[in-house]
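Structure below is start_20.cif: mmCIF, C-alpha atoms and all ligand atoms.
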```
data_data
loop_
_atom_site.group_PDB
_atom_site.id
_atom_site.type_symbol
_atom_site.label_atom_id
_atom_site.label_comp_id
_atom_site.auth_asym_id
_atom_site.auth_seq_id
_atom_site.Cartn_x
_atom_site.Cartn_y
_atom_site.Cartn_z
ATOM 1 C CA MET A 1 98.726 141.836 48.618
ATOM 2 C CA LYS A 2 101.660 143.896 49.827
ATOM 3 C CA ILE A 3 100.555 147.138 51.473
ATOM 4 C CA ARG A 4 103.111 149.889 51.643
ATOM 5 C CA GLU A 5 102.923 152.389 54.488
ATOM 6 C CA ILE A 6 104.485 155.809 54.124
ATOM 7 C CA THR A 7 104.602 157.817 57.328
ATOM 8 C CA VAL A 8 105.117 161.564 57.146
ATOM 9 C CA VAL A 9 107.033 162.826 60.174
ATOM 10 C CA SER A 10 109.009 165.827 61.325
ATOM 11 C CA GLY A 11 111.400 166.342 64.191
ATOM 12 C CA LYS A 12 109.265 169.291 65.336
ATOM 13 C CA GLY A 13 105.860 170.831 64.740
ATOM 14 C CA GLY A 14 105.239 173.677 62.299
ATOM 15 C CA THR A 15 107.234 172.346 59.349
ATOM 16 C CA GLY A 16 104.159 171.937 57.111
ATOM 17 C CA LYS A 17 103.881 168.176 57.644
ATOM 18 C CA THR A 18 100.097 168.002 57.556
ATOM 19 C CA SER A 19 99.583 170.304 54.546
ATOM 20 C CA ILE A 20 102.150 168.269 52.616
ATOM 21 C CA THR A 21 100.478 165.013 53.704
ATOM 22 C CA ALA A 22 97.108 166.335 52.518
ATOM 23 C CA ALA A 23 98.564 167.443 49.168
ATOM 24 C CA LEU A 24 100.226 164.032 48.743
ATOM 25 C CA ALA A 25 96.897 162.346 49.491
ATOM 26 C CA ALA A 26 95.169 164.472 46.879
ATOM 27 C CA SER A 27 97.835 163.762 44.256
ATOM 28 C CA ALA A 28 98.322 160.037 44.896
ATOM 29 C CA PRO A 29 98.463 158.045 41.663
ATOM 30 C CA GLY A 30 96.340 155.128 42.959
ATOM 31 C CA GLY A 31 93.883 154.339 45.722
ATOM 32 C CA LEU A 32 95.126 154.700 49.254
ATOM 33 C CA ALA A 33 94.049 154.572 52.877
ATOM 34 C CA LEU A 34 94.815 157.509 55.116
ATOM 35 C CA CYS A 35 95.787 157.514 58.758
ATOM 36 C CA ASP A 36 96.219 160.440 61.126
ATOM 37 C CA ALA A 37 98.626 159.150 63.762
ATOM 38 C CA ASP A 38 99.196 162.584 65.287
ATOM 39 C CA VAL A 39 96.691 161.664 67.986
ATOM 40 C CA ASP A 40 97.702 164.396 70.440
ATOM 41 C CA ALA A 41 96.937 167.140 67.904
ATOM 42 C CA PRO A 42 95.070 165.590 64.978
ATOM 43 C CA ASP A 43 94.509 168.082 62.172
ATOM 44 C CA LEU A 44 94.568 166.115 58.917
ATOM 45 C CA GLU A 45 90.783 165.881 59.202
ATOM 46 C CA ILE A 46 90.564 169.692 59.004
ATOM 47 C CA LEU A 47 91.921 169.524 55.456
ATOM 48 C CA LEU A 48 90.482 166.196 54.265
ATOM 49 C CA HIS A 49 86.991 166.525 55.792
ATOM 50 C CA PRO A 50 86.295 162.806 56.342
ATOM 51 C CA GLU A 51 82.628 161.809 56.366
ATOM 52 C CA PRO A 52 82.185 159.863 59.634
ATOM 53 C CA ARG A 53 81.450 156.120 59.224
ATOM 54 C CA GLU A 54 82.522 154.546 62.523
ATOM 55 C CA GLU A 55 83.251 155.828 66.015
ATOM 56 C CA HIS A 56 84.899 153.735 68.775
ATOM 57 C CA ALA A 57 86.075 154.286 72.328
ATOM 58 C CA PHE A 58 89.791 154.015 72.980
ATOM 59 C CA ILE A 59 90.346 152.261 76.279
ATOM 60 C CA GLY A 60 93.911 152.868 77.390
ATOM 61 C CA MET A 61 95.521 151.975 80.687
ATOM 62 C CA ASP A 62 93.474 151.370 83.825
ATOM 63 C CA THR A 63 93.238 154.184 86.354
ATOM 64 C CA ALA A 64 92.319 154.141 90.038
ATOM 65 C CA GLY A 65 88.727 154.555 91.206
ATOM 66 C CA VAL A 66 87.486 154.917 94.800
ATOM 67 C CA ASP A 67 84.347 153.347 96.215
ATOM 68 C CA SER A 68 83.439 156.389 98.307
ATOM 69 C CA GLN A 69 80.754 154.483 100.256
ATOM 70 C CA ARG A 70 83.497 152.356 101.795
ATOM 71 C CA CYS A 71 86.262 154.962 102.030
ATOM 72 C CA ILE A 72 87.096 155.780 105.666
ATOM 73 C CA GLY A 73 89.130 158.885 104.732
ATOM 74 C CA CYS A 74 92.456 157.753 106.183
ATOM 75 C CA GLY A 75 94.422 159.560 103.423
ATOM 76 C CA ARG A 76 96.996 156.768 102.909
ATOM 77 C CA CYS A 77 96.260 156.602 99.212
ATOM 78 C CA ARG A 78 96.864 160.352 98.838
ATOM 79 C CA ASP A 79 100.155 160.078 100.711
ATOM 80 C CA VAL A 80 101.456 157.232 98.552
ATOM 81 C CA CYS A 81 100.467 158.736 95.197
ATOM 82 C CA ARG A 82 103.594 160.197 93.524
ATOM 83 C CA PHE A 83 101.505 161.996 90.923
ATOM 84 C CA ASP A 84 99.241 164.059 93.199
ATOM 85 C CA ALA A 85 96.252 162.390 91.627
ATOM 86 C CA ILE A 86 94.324 161.930 94.872
ATOM 87 C CA ARG A 87 92.580 164.672 96.873
ATOM 88 C CA MET A 88 90.549 164.379 100.046
ATOM 89 C CA GLU A 89 87.142 165.962 99.624
ATOM 90 C CA GLY A 90 84.496 165.877 102.352
ATOM 91 C CA GLY A 91 86.498 163.237 104.216
ATOM 92 C CA LYS A 92 86.673 160.922 101.186
ATOM 93 C CA ALA A 93 89.402 160.222 98.662
ATOM 94 C CA ARG A 94 88.805 161.304 95.068
ATOM 95 C CA VAL A 95 91.024 160.412 92.081
ATOM 96 C CA ASP A 96 91.680 163.026 89.423
ATOM 97 C CA LYS A 97 91.891 160.766 86.360
ATOM 98 C CA THR A 98 93.841 163.404 84.444
ATOM 99 C CA PHE A 99 96.804 162.947 86.776
ATOM 100 C CA CYS A 100 96.513 159.226 87.499
ATOM 101 C CA GLU A 101 99.409 157.297 85.929
ATOM 102 C CA GLY A 102 97.926 153.882 86.656
ATOM 103 C CA CYS A 103 100.726 152.677 88.954
ATOM 104 C CA ALA A 104 98.195 151.018 91.334
ATOM 105 C CA ALA A 105 100.245 151.942 94.448
ATOM 106 C CA CYS A 106 97.125 153.367 96.103
ATOM 107 C CA THR A 107 95.304 150.051 95.817
ATOM 108 C CA LEU A 108 98.061 148.374 97.844
ATOM 109 C CA VAL A 109 97.880 150.682 100.851
ATOM 110 C CA CYS A 110 94.134 151.118 101.265
ATOM 111 C CA PRO A 111 93.230 149.452 104.596
ATOM 112 C CA VAL A 112 89.670 148.662 103.532
ATOM 113 C CA GLY A 113 90.366 147.736 99.905
ATOM 114 C CA CYS A 114 88.071 150.357 98.464
ATOM 115 C CA ILE A 115 90.321 151.466 95.590
ATOM 116 C CA ALA A 116 90.445 149.387 92.425
ATOM 117 C CA MET A 117 91.926 149.839 89.000
ATOM 118 C CA GLU A 118 89.250 150.307 86.347
ATOM 119 C CA GLU A 119 89.051 150.597 82.579
ATOM 120 C CA THR A 120 89.231 154.212 81.504
ATOM 121 C CA ARG A 121 88.271 155.748 78.204
ATOM 122 C CA GLN A 122 91.280 157.761 77.036
ATOM 123 C CA GLY A 123 89.976 158.906 73.691
ATOM 124 C CA THR A 124 88.001 158.086 70.543
ATOM 125 C CA TRP A 125 88.993 156.699 67.173
ATOM 126 C CA PHE A 126 87.117 157.035 63.935
ATOM 127 C CA VAL A 127 86.878 155.638 60.435
ATOM 128 C CA GLY A 128 85.793 158.187 57.858
ATOM 129 C CA GLU A 129 85.582 158.534 54.107
ATOM 130 C CA THR A 130 87.482 161.267 52.284
ATOM 131 C CA GLY A 131 87.499 162.119 48.604
ATOM 132 C CA PHE A 132 90.815 160.259 48.322
ATOM 133 C CA GLY A 133 90.097 157.101 50.307
ATOM 134 C CA PRO A 134 89.107 155.876 53.750
ATOM 135 C CA MET A 135 90.730 157.552 56.721
ATOM 136 C CA VAL A 136 91.346 156.332 60.257
ATOM 137 C CA HIS A 137 91.939 159.021 62.831
ATOM 138 C CA ALA A 138 91.638 159.542 66.558
ATOM 139 C CA ARG A 139 91.384 162.053 69.297
ATOM 140 C CA LEU A 140 92.986 161.577 72.698
ATOM 141 C CA ASN A 141 91.049 163.058 75.622
ATOM 142 C CA PRO A 142 92.727 166.105 77.190
ATOM 143 C CA GLY A 143 95.343 164.640 79.519
ATOM 144 C CA GLY A 144 94.643 161.180 78.063
ATOM 145 C CA GLU A 145 97.450 158.664 78.381
ATOM 146 C CA ASN A 146 98.822 155.996 76.052
ATOM 147 C CA SER A 147 99.160 158.067 72.881
ATOM 148 C CA GLY A 148 101.733 155.535 71.612
ATOM 149 C CA MET A 149 99.176 152.747 72.046
ATOM 150 C CA LEU A 150 96.542 154.816 70.214
ATOM 151 C CA VAL A 151 98.993 155.450 67.359
ATOM 152 C CA GLN A 152 99.459 151.679 67.044
ATOM 153 C CA LEU A 153 95.706 151.191 67.074
ATOM 154 C CA VAL A 154 94.935 153.692 64.290
ATOM 155 C CA ARG A 155 97.750 152.274 62.161
ATOM 156 C CA LYS A 156 96.456 148.738 62.649
ATOM 157 C CA GLU A 157 92.925 149.814 61.743
ATOM 158 C CA ALA A 158 94.162 151.700 58.666
ATOM 159 C CA ARG A 159 95.858 148.478 57.550
ATOM 160 C CA ARG A 160 92.658 146.519 58.149
ATOM 161 C CA VAL A 161 90.681 149.023 56.074
ATOM 162 C CA ALA A 162 93.323 149.004 53.311
ATOM 163 C CA GLU A 163 93.275 145.195 53.193
ATOM 164 C CA SER A 164 89.492 145.019 53.087
ATOM 165 C CA ARG A 165 89.378 147.509 50.188
ATOM 166 C CA GLY A 166 92.367 146.135 48.277
ATOM 167 C CA LEU A 167 94.329 149.375 48.663
ATOM 168 C CA GLY A 168 98.087 149.059 48.240
ATOM 169 C CA THR A 169 99.206 152.203 50.057
ATOM 170 C CA ILE A 170 98.674 153.736 53.490
ATOM 171 C CA LEU A 171 99.659 157.366 53.898
ATOM 172 C CA THR A 172 100.087 158.209 57.567
ATOM 173 C CA ASP A 173 100.415 161.676 59.062
ATOM 174 C CA GLY A 174 102.739 160.991 61.973
ATOM 175 C CA PRO A 175 103.288 162.969 65.165
ATOM 176 C CA PRO A 176 106.092 165.521 65.397
ATOM 177 C CA GLY A 177 109.120 164.933 67.619
ATOM 178 C CA ILE A 178 110.913 161.704 68.505
ATOM 179 C CA ALA A 179 109.018 160.644 71.621
ATOM 180 C CA CYS A 180 106.870 157.541 72.131
ATOM 181 C CA PRO A 181 104.108 158.489 69.620
ATOM 182 C CA ALA A 182 106.699 159.146 66.875
ATOM 183 C CA ILE A 183 108.404 155.826 67.601
ATOM 184 C CA SER A 184 105.010 154.107 67.402
ATOM 185 C CA ALA A 185 104.304 155.808 64.061
ATOM 186 C CA VAL A 186 107.648 154.978 62.436
ATOM 187 C CA THR A 187 108.183 151.403 63.649
ATOM 188 C CA GLY A 188 107.223 148.930 60.953
ATOM 189 C CA ALA A 189 106.430 151.604 58.342
ATOM 190 C CA ASP A 190 108.055 151.073 54.939
ATOM 191 C CA THR A 191 109.208 154.656 54.517
ATOM 192 C CA ALA A 192 109.360 157.715 56.731
ATOM 193 C CA LEU A 193 109.081 160.934 54.798
ATOM 194 C CA ILE A 194 110.719 163.579 56.972
ATOM 195 C CA ILE A 195 109.543 167.155 56.460
ATOM 196 C CA THR A 196 112.060 169.749 57.531
ATOM 197 C CA GLU A 197 112.862 173.430 57.075
ATOM 198 C CA PRO A 198 116.118 175.357 56.521
ATOM 199 C CA THR A 199 116.826 176.357 60.108
ATOM 200 C CA ILE A 200 119.312 175.184 62.708
ATOM 201 C CA SER A 201 116.541 173.489 64.671
ATOM 202 C CA GLY A 202 115.213 172.006 61.400
ATOM 203 C CA GLU A 203 118.601 170.422 60.747
ATOM 204 C CA HIS A 204 118.946 169.248 64.335
ATOM 205 C CA ASP A 205 115.478 167.702 64.363
ATOM 206 C CA LEU A 206 115.987 166.126 60.937
ATOM 207 C CA LEU A 207 119.083 164.334 62.243
ATOM 208 C CA ARG A 208 117.254 163.191 65.373
ATOM 209 C CA VAL A 209 114.311 161.737 63.496
ATOM 210 C CA ALA A 210 116.623 160.179 60.880
ATOM 211 C CA GLU A 211 118.498 158.458 63.709
ATOM 212 C CA LEU A 212 115.181 157.242 65.111
ATOM 213 C CA CYS A 213 114.283 155.739 61.707
ATOM 214 C CA ARG A 214 117.677 154.072 61.453
ATOM 215 C CA ARG A 215 117.292 152.488 64.880
ATOM 216 C CA PHE A 216 113.905 151.079 63.993
ATOM 217 C CA GLY A 217 114.910 149.926 60.522
ATOM 218 C CA THR A 218 112.637 152.312 58.599
ATOM 219 C CA LYS A 219 113.868 153.798 55.323
ATOM 220 C CA ALA A 220 113.813 157.593 55.396
ATOM 221 C CA ALA A 221 113.650 160.333 52.784
ATOM 222 C CA VAL A 222 113.348 164.090 53.117
ATOM 223 C CA VAL A 223 111.231 166.975 51.846
ATOM 224 C CA LEU A 224 112.704 170.408 52.488
ATOM 225 C CA ASN A 225 109.909 172.910 53.024
ATOM 226 C CA LYS A 226 110.164 176.735 52.976
ATOM 227 C CA ALA A 227 113.544 176.167 51.334
ATOM 228 C CA ASP A 228 114.038 179.781 50.197
ATOM 229 C CA LEU A 229 113.739 181.260 53.691
ATOM 230 C CA SER A 230 117.488 180.711 54.184
ATOM 231 C CA ALA A 231 119.879 179.807 51.370
ATOM 232 C CA GLN A 232 122.542 178.937 53.926
ATOM 233 C CA GLY A 233 120.090 176.829 55.963
ATOM 234 C CA ALA A 234 118.917 175.010 52.835
ATOM 235 C CA GLU A 235 122.509 174.212 51.916
ATOM 236 C CA ARG A 236 123.097 172.798 55.402
ATOM 237 C CA ILE A 237 120.039 170.554 55.093
ATOM 238 C CA LYS A 238 121.195 169.328 51.669
ATOM 239 C CA GLU A 239 124.643 168.646 53.067
ATOM 240 C CA ALA A 240 123.139 166.785 56.037
ATOM 241 C CA CYS A 241 121.074 164.656 53.627
ATOM 242 C CA ARG A 242 124.182 163.851 51.571
ATOM 243 C CA LYS A 243 126.163 162.893 54.681
ATOM 244 C CA GLU A 244 123.366 160.770 56.124
ATOM 245 C CA GLY A 245 122.475 159.133 52.812
ATOM 246 C CA LEU A 246 118.939 160.531 52.936
ATOM 247 C CA PRO A 247 117.288 161.066 49.535
ATOM 248 C CA LEU A 248 115.976 164.622 49.201
ATOM 249 C CA LEU A 249 112.748 164.074 47.279
ATOM 250 C CA ALA A 250 111.467 167.642 46.986
ATOM 251 C CA SER A 251 112.420 171.192 47.809
ATOM 252 C CA ILE A 252 109.500 173.579 48.282
ATOM 253 C CA PRO A 253 109.800 177.364 48.620
ATOM 254 C CA PHE A 254 107.775 179.330 51.149
ATOM 255 C CA ILE A 255 104.390 179.804 49.500
ATOM 256 C CA PRO A 256 102.031 182.266 51.266
ATOM 257 C CA GLY A 257 99.126 180.633 49.400
ATOM 258 C CA VAL A 258 99.684 177.435 51.418
ATOM 259 C CA VAL A 259 99.079 179.321 54.656
ATOM 260 C CA HIS A 260 95.988 180.926 53.142
ATOM 261 C CA ALA A 261 94.626 177.569 51.920
ATOM 262 C CA VAL A 262 95.166 175.919 55.302
ATOM 263 C CA SER A 263 93.485 178.835 57.093
ATOM 264 C CA GLN A 264 90.460 178.128 54.889
ATOM 265 C CA ALA A 265 90.595 174.378 55.674
ATOM 266 C CA ARG A 266 91.478 173.719 52.012
ATOM 267 C CA ILE A 267 94.147 171.309 50.729
ATOM 268 C CA PRO A 268 96.973 173.412 49.253
ATOM 269 C CA LEU A 269 97.255 171.134 46.234
ATOM 270 C CA ALA A 270 97.316 173.846 43.553
ATOM 271 C CA GLU A 271 100.077 175.601 45.489
ATOM 272 C CA LEU A 272 102.228 172.515 46.150
ATOM 273 C CA GLU A 273 101.587 170.295 43.133
ATOM 274 C CA GLU A 274 104.391 171.755 41.025
ATOM 275 C CA PHE A 275 106.941 170.981 43.736
ATOM 276 C CA LEU A 276 105.540 167.688 45.015
ATOM 277 C CA GLY A 277 104.770 166.350 41.520
ATOM 278 C CA PRO A 278 107.511 163.719 41.232
ATOM 279 C CA THR A 279 107.443 162.781 44.928
ATOM 280 C CA TRP A 280 105.206 159.716 44.561
ATOM 281 C CA ASP A 281 107.390 158.349 41.747
ATOM 282 C CA ARG A 282 110.488 158.955 43.832
ATOM 283 C CA LEU A 283 108.908 157.268 46.843
ATOM 284 C CA LYS A 284 108.171 154.224 44.693
ATOM 285 C CA GLY A 285 111.808 154.093 43.625
ATOM 286 C CA LEU A 286 113.216 153.972 47.174
HETATM 287 S S1 LIG B 1 97.101 154.429 90.467
HETATM 288 FE FE1 LIG B 1 99.029 155.435 91.054
HETATM 289 S S2 LIG B 1 98.925 157.407 90.013
HETATM 290 FE FE2 LIG B 1 96.843 156.604 90.048
HETATM 291 S S3 LIG B 1 95.929 157.464 91.853
HETATM 292 FE FE3 LIG B 1 96.768 155.473 92.435
HETATM 293 S S4 LIG B 1 98.812 155.931 93.221
HETATM 294 FE FE4 LIG B 1 98.138 157.738 92.076
HETATM 295 S S1 LIG B 2 93.353 154.608 101.488
HETATM 296 FE FE1 LIG B 2 91.287 153.812 101.081
HETATM 297 S S2 LIG B 2 90.150 154.334 102.900
HETATM 298 FE FE2 LIG B 2 92.008 155.549 102.962
HETATM 299 S S3 LIG B 2 91.398 157.479 102.019
HETATM 300 FE FE3 LIG B 2 92.234 156.206 100.421
HETATM 301 S S4 LIG B 2 90.474 155.167 99.547
HETATM 302 FE FE4 LIG B 2 89.833 155.995 101.483
#
```
Could you express the structure from this file as structure tokens?
Ligand code: SF4
Ligand code: SF4
Amino acid sequence: MKIREITVVSGKGGTGKTSITAALAASAPGGLALCDADVDAPDLEILLHPEPREEHAFIGMDTAGVDSQRCIGCGRCRDVCRFDAIRMEGGKARVDKTFCEGCAACTLVCPVGCIAMEETRQGTWFVGETGFGPMVHARLNPGGENSGMLVQLVRKEARRVAESRGLGTILTDGPPGIACPAISAVTGADTALIITEPTISGEHDLLRVAELCRRFGTKAAVVLNKADLSAQGAERIKEACRKEGLPLLASIPFIPGVVHAVSQARIPLAELEEFLGPTWDRLKGL
């Protein structure tokens, strides 16, 4: 069975990506699996309230650990660390895992071999059940590394869950921006739905994320949110879409009720339905 993954992205935060993702989930015509790939700041769960079913550790890259019994306090590891991750405390080296980048340089200079790289829990991932389908989501520890790897993991697990339940669609809330986590979220997805707003930075970020999609061979389409905040800005976004060959699937005005709904942890479906109504049909036609 072919599973289609639609990833909702934005070049920047604050465009309304997650509220639109939640409203799309609530208005989906068939069964779907949900995935929150915005692992640095996951908030889809605030609106969809998944009932927890599974919880797993996310083991990312190895970090350095010191056997303080054997440490002779020479300080060579501290001197070689380019990330200031090692402090000397009470004559012994101590690694601050938040700063460790896993380069292993310290293990090479220790004269007594008392530093080793060790598995480190970088976060947690979950499978939950929402009113609209199963949801895979995750939380990176503060300062946790490998968010791109965690994005890949939650997407893979969402696909596993979709396959096991016979669900034909995965709706993924992607991270904002165009850095590693966004690349991880867009690569291999069938369609990227880019949420933007009628500002100069909205246009700039739309073009950046559209270029990212092009490079990774992912079809892209656009939803213009808060469209009535600037008629001139909206026209520029429409023109950019025309030039770039990006289908503009929906244009949504600024709706104060959306802000109110989100502040109450409620899906703004009643507020957005009128504007998002044909979006699923249009996505199917891409
Ligand atoms: S592994 Fe690299 S970053 Fe981590 S403490 Fe050692 S030298 Fe520093
Ligand atoms: S290099 Fe080894 S012995 Fe020296 S301070 Fe670091 S951990 Fe201790």
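Matched in the shown structure by the PyMOL selection byres (((not hetatm)) within 8 of (chain B and resi 1)): Thr63, Ala64, Gly65, Cys77, Arg78, Val80, Cys81, Arg82, Phe83, Asp84, Ala85, Ile86, Val95, Asp96, Lys97, Phe99, Cys100, Glu101, Gly102, Cys103, Ala104, Ala105, Cys106, Thr107 and Met117 of chain A.
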Show me which residues are within 7 Å of ligand LIG 2 (chain B) counting all atoms listed in the file, and format the list as an mmCIF file with C-alpha atoms, keeping the file's coordinate frame.
```cif
data_model
loop_
_atom_site.group_PDB
_atom_site.id
_atom_site.type_symbol
_atom_site.label_atom_id
_atom_site.label_comp_id
_atom_site.auth_asym_id
_atom_site.auth_seq_id
_atom_site.Cartn_x
_atom_site.Cartn_y
_atom_site.Cartn_z
ATOM 1 C CA VAL A 66 87.486 154.917 94.800
ATOM 2 C CA CYS A 71 86.262 154.962 102.030
ATOM 3 C CA ILE A 72 87.096 155.780 105.666
ATOM 4 C CA GLY A 73 89.130 158.885 104.732
ATOM 5 C CA CYS A 74 92.456 157.753 106.183
ATOM 6 C CA GLY A 75 94.422 159.560 103.423
ATOM 7 C CA ARG A 76 96.996 156.768 102.909
ATOM 8 C CA CYS A 77 96.260 156.602 99.212
ATOM 9 C CA ARG A 78 96.864 160.352 98.838
ATOM 10 C CA LYS A 92 86.673 160.922 101.186
ATOM 11 C CA ALA A 93 89.402 160.222 98.662
ATOM 12 C CA CYS A 106 97.125 153.367 96.103
ATOM 13 C CA VAL A 109 97.880 150.682 100.851
ATOM 14 C CA CYS A 110 94.134 151.118 101.265
ATOM 15 C CA PRO A 111 93.230 149.452 104.596
ATOM 16 C CA VAL A 112 89.670 148.662 103.532
ATOM 17 C CA GLY A 113 90.366 147.736 99.905
ATOM 18 C CA CYS A 114 88.071 150.357 98.464
ATOM 19 C CA ILE A 115 90.321 151.466 95.590
#
```
* Go through A:Gly174, A:Gly143, A:Gly16, A:Gly133 one by one, measure the shortest atom-to-atom distance of each to Leu34 (chain A) using only C-alpha atoms, and give the residue with the smallest value. => A:Gly133
* Which of these, A:Gly233, A:Pro42, A:Leu167, A:Pro142, has the shortest distance to Trp125 (chain A) once you count only C-alpha atoms? ->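 Counting only C-alpha atoms, the residue closest to Trp125 (chain A) is A:Pro42.
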* Asked: How many Å separate CA of Pro198 (chain A) from CA of Lys238 (chain A)?
  ->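 Pair CA of Pro198 (chain A) / CA of Lys238 (chain A) returns 9.3 Å.
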Go ahead and fit an axis-aligned box to every listed atom of region 214-225 of chain A plus 4 Å each side, and pass me the centre and edge lengths in Å, one decimal, as JSON.
```
{"center_x": 113.8, "center_y": 161.4, "center_z": 58.4, "size_x": 15.8, "size_y": 31.0, "size_z": 21.0}
```
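Using all atoms listed in the file, the smallest distance between any of A:Glu274, A:Ala116, A:Pro134, A:Ser147 and Thr172 (chain A) comes from A:Pro134.
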* Using CA of Pro181 (chain A) and CA of Gly166 (chain A) as the two end points, give the distance in Å to one decimal. =>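 Taking CA of Pro181 (chain A) and CA of Gly166 (chain A), their separation equals 27.3 Å.
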When you get a chance, write out N, CA and C atoms for region 176-196 of chain A, as an mmCIF file, in the frame of the given file.
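What landed in part03.cif:
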```cif
data_model
loop_
_atom_site.group_PDB
_atom_site.id
_atom_site.type_symbol
_atom_site.label_atom_id
_atom_site.label_comp_id
_atom_site.auth_asym_id
_atom_site.auth_seq_id
_atom_site.Cartn_x
_atom_site.Cartn_y
_atom_site.Cartn_z
ATOM 1 N N PRO A 176 104.775 164.885 65.426
ATOM 2 C CA PRO A 176 106.092 165.521 65.397
ATOM 3 C C PRO A 176 106.953 164.990 66.542
ATOM 4 N N GLY A 177 108.236 165.305 66.510
ATOM 5 C CA GLY A 177 109.120 164.933 67.619
ATOM 6 C C GLY A 177 109.686 163.530 67.459
ATOM 7 N N ILE A 178 110.323 163.050 68.541
ATOM 8 C CA ILE A 178 110.913 161.704 68.505
ATOM 9 C C ILE A 178 110.504 160.900 69.739
ATOM 10 N N ALA A 179 109.446 161.340 70.402
ATOM 11 C CA ALA A 179 109.018 160.644 71.621
ATOM 12 C C ALA A 179 108.203 159.405 71.259
ATOM 13 N N CYS A 180 107.586 158.816 72.282
ATOM 14 C CA CYS A 180 106.870 157.541 72.131
ATOM 15 C C CYS A 180 105.899 157.522 70.946
ATOM 16 N N PRO A 181 105.046 158.563 70.755
ATOM 17 C CA PRO A 181 104.108 158.489 69.620
ATOM 18 C C PRO A 181 104.838 158.436 68.274
ATOM 19 N N ALA A 182 105.955 159.162 68.148
ATOM 20 C CA ALA A 182 106.699 159.146 66.875
ATOM 21 C C ALA A 182 107.324 157.777 66.654
ATOM 22 N N ILE A 183 107.834 157.178 67.724
ATOM 23 C CA ILE A 183 108.404 155.826 67.601
ATOM 24 C C ILE A 183 107.322 154.852 67.159
ATOM 25 N N SER A 184 106.131 154.983 67.773
ATOM 26 C CA SER A 184 105.010 154.107 67.402
ATOM 27 C C SER A 184 104.616 154.293 65.944
ATOM 28 N N ALA A 185 104.743 155.520 65.441
ATOM 29 C CA ALA A 185 104.304 155.808 64.061
ATOM 30 C C ALA A 185 105.311 155.312 63.030
ATOM 31 N N VAL A 186 106.587 155.294 63.399
ATOM 32 C CA VAL A 186 107.648 154.978 62.436
ATOM 33 C C VAL A 186 107.957 153.475 62.395
ATOM 34 N N THR A 187 107.826 152.819 63.570
ATOM 35 C CA THR A 187 108.183 151.403 63.649
ATOM 36 C C THR A 187 107.314 150.572 62.707
ATOM 37 N N GLY A 188 107.968 149.826 61.848
ATOM 38 C CA GLY A 188 107.223 148.930 60.953
ATOM 39 C C GLY A 188 106.700 149.605 59.699
ATOM 40 N N ALA A 189 106.839 150.939 59.589
ATOM 41 C CA ALA A 189 106.430 151.604 58.342
ATOM 42 C C ALA A 189 107.484 151.302 57.275
ATOM 43 N N ASP A 190 107.085 151.345 56.002
ATOM 44 C CA ASP A 190 108.055 151.073 54.939
ATOM 45 C C ASP A 190 108.982 152.267 54.740
ATOM 46 N N THR A 191 108.400 153.451 54.758
ATOM 47 C CA THR A 191 109.208 154.656 54.517
ATOM 48 C C THR A 191 108.733 155.776 55.430
ATOM 49 N N ALA A 192 109.689 156.487 55.998
ATOM 50 C CA ALA A 192 109.360 157.715 56.731
ATOM 51 C C ALA A 192 109.747 158.887 55.843
ATOM 52 N N LEU A 193 108.798 159.736 55.588
ATOM 53 C CA LEU A 193 109.081 160.934 54.798
ATOM 54 C C LEU A 193 109.227 162.083 55.800
ATOM 55 N N ILE A 194 110.443 162.570 55.943
ATOM 56 C CA ILE A 194 110.719 163.579 56.972
ATOM 57 C C ILE A 194 110.587 164.971 56.360
ATOM 58 N N ILE A 195 109.704 165.775 56.930
ATOM 59 C CA ILE A 195 109.543 167.155 56.460
ATOM 60 C C ILE A 195 110.396 168.048 57.355
ATOM 61 N N THR A 196 111.220 168.863 56.731
ATOM 62 C CA THR A 196 112.060 169.749 57.531
ATOM 63 C C THR A 196 112.091 171.142 56.904
#
```
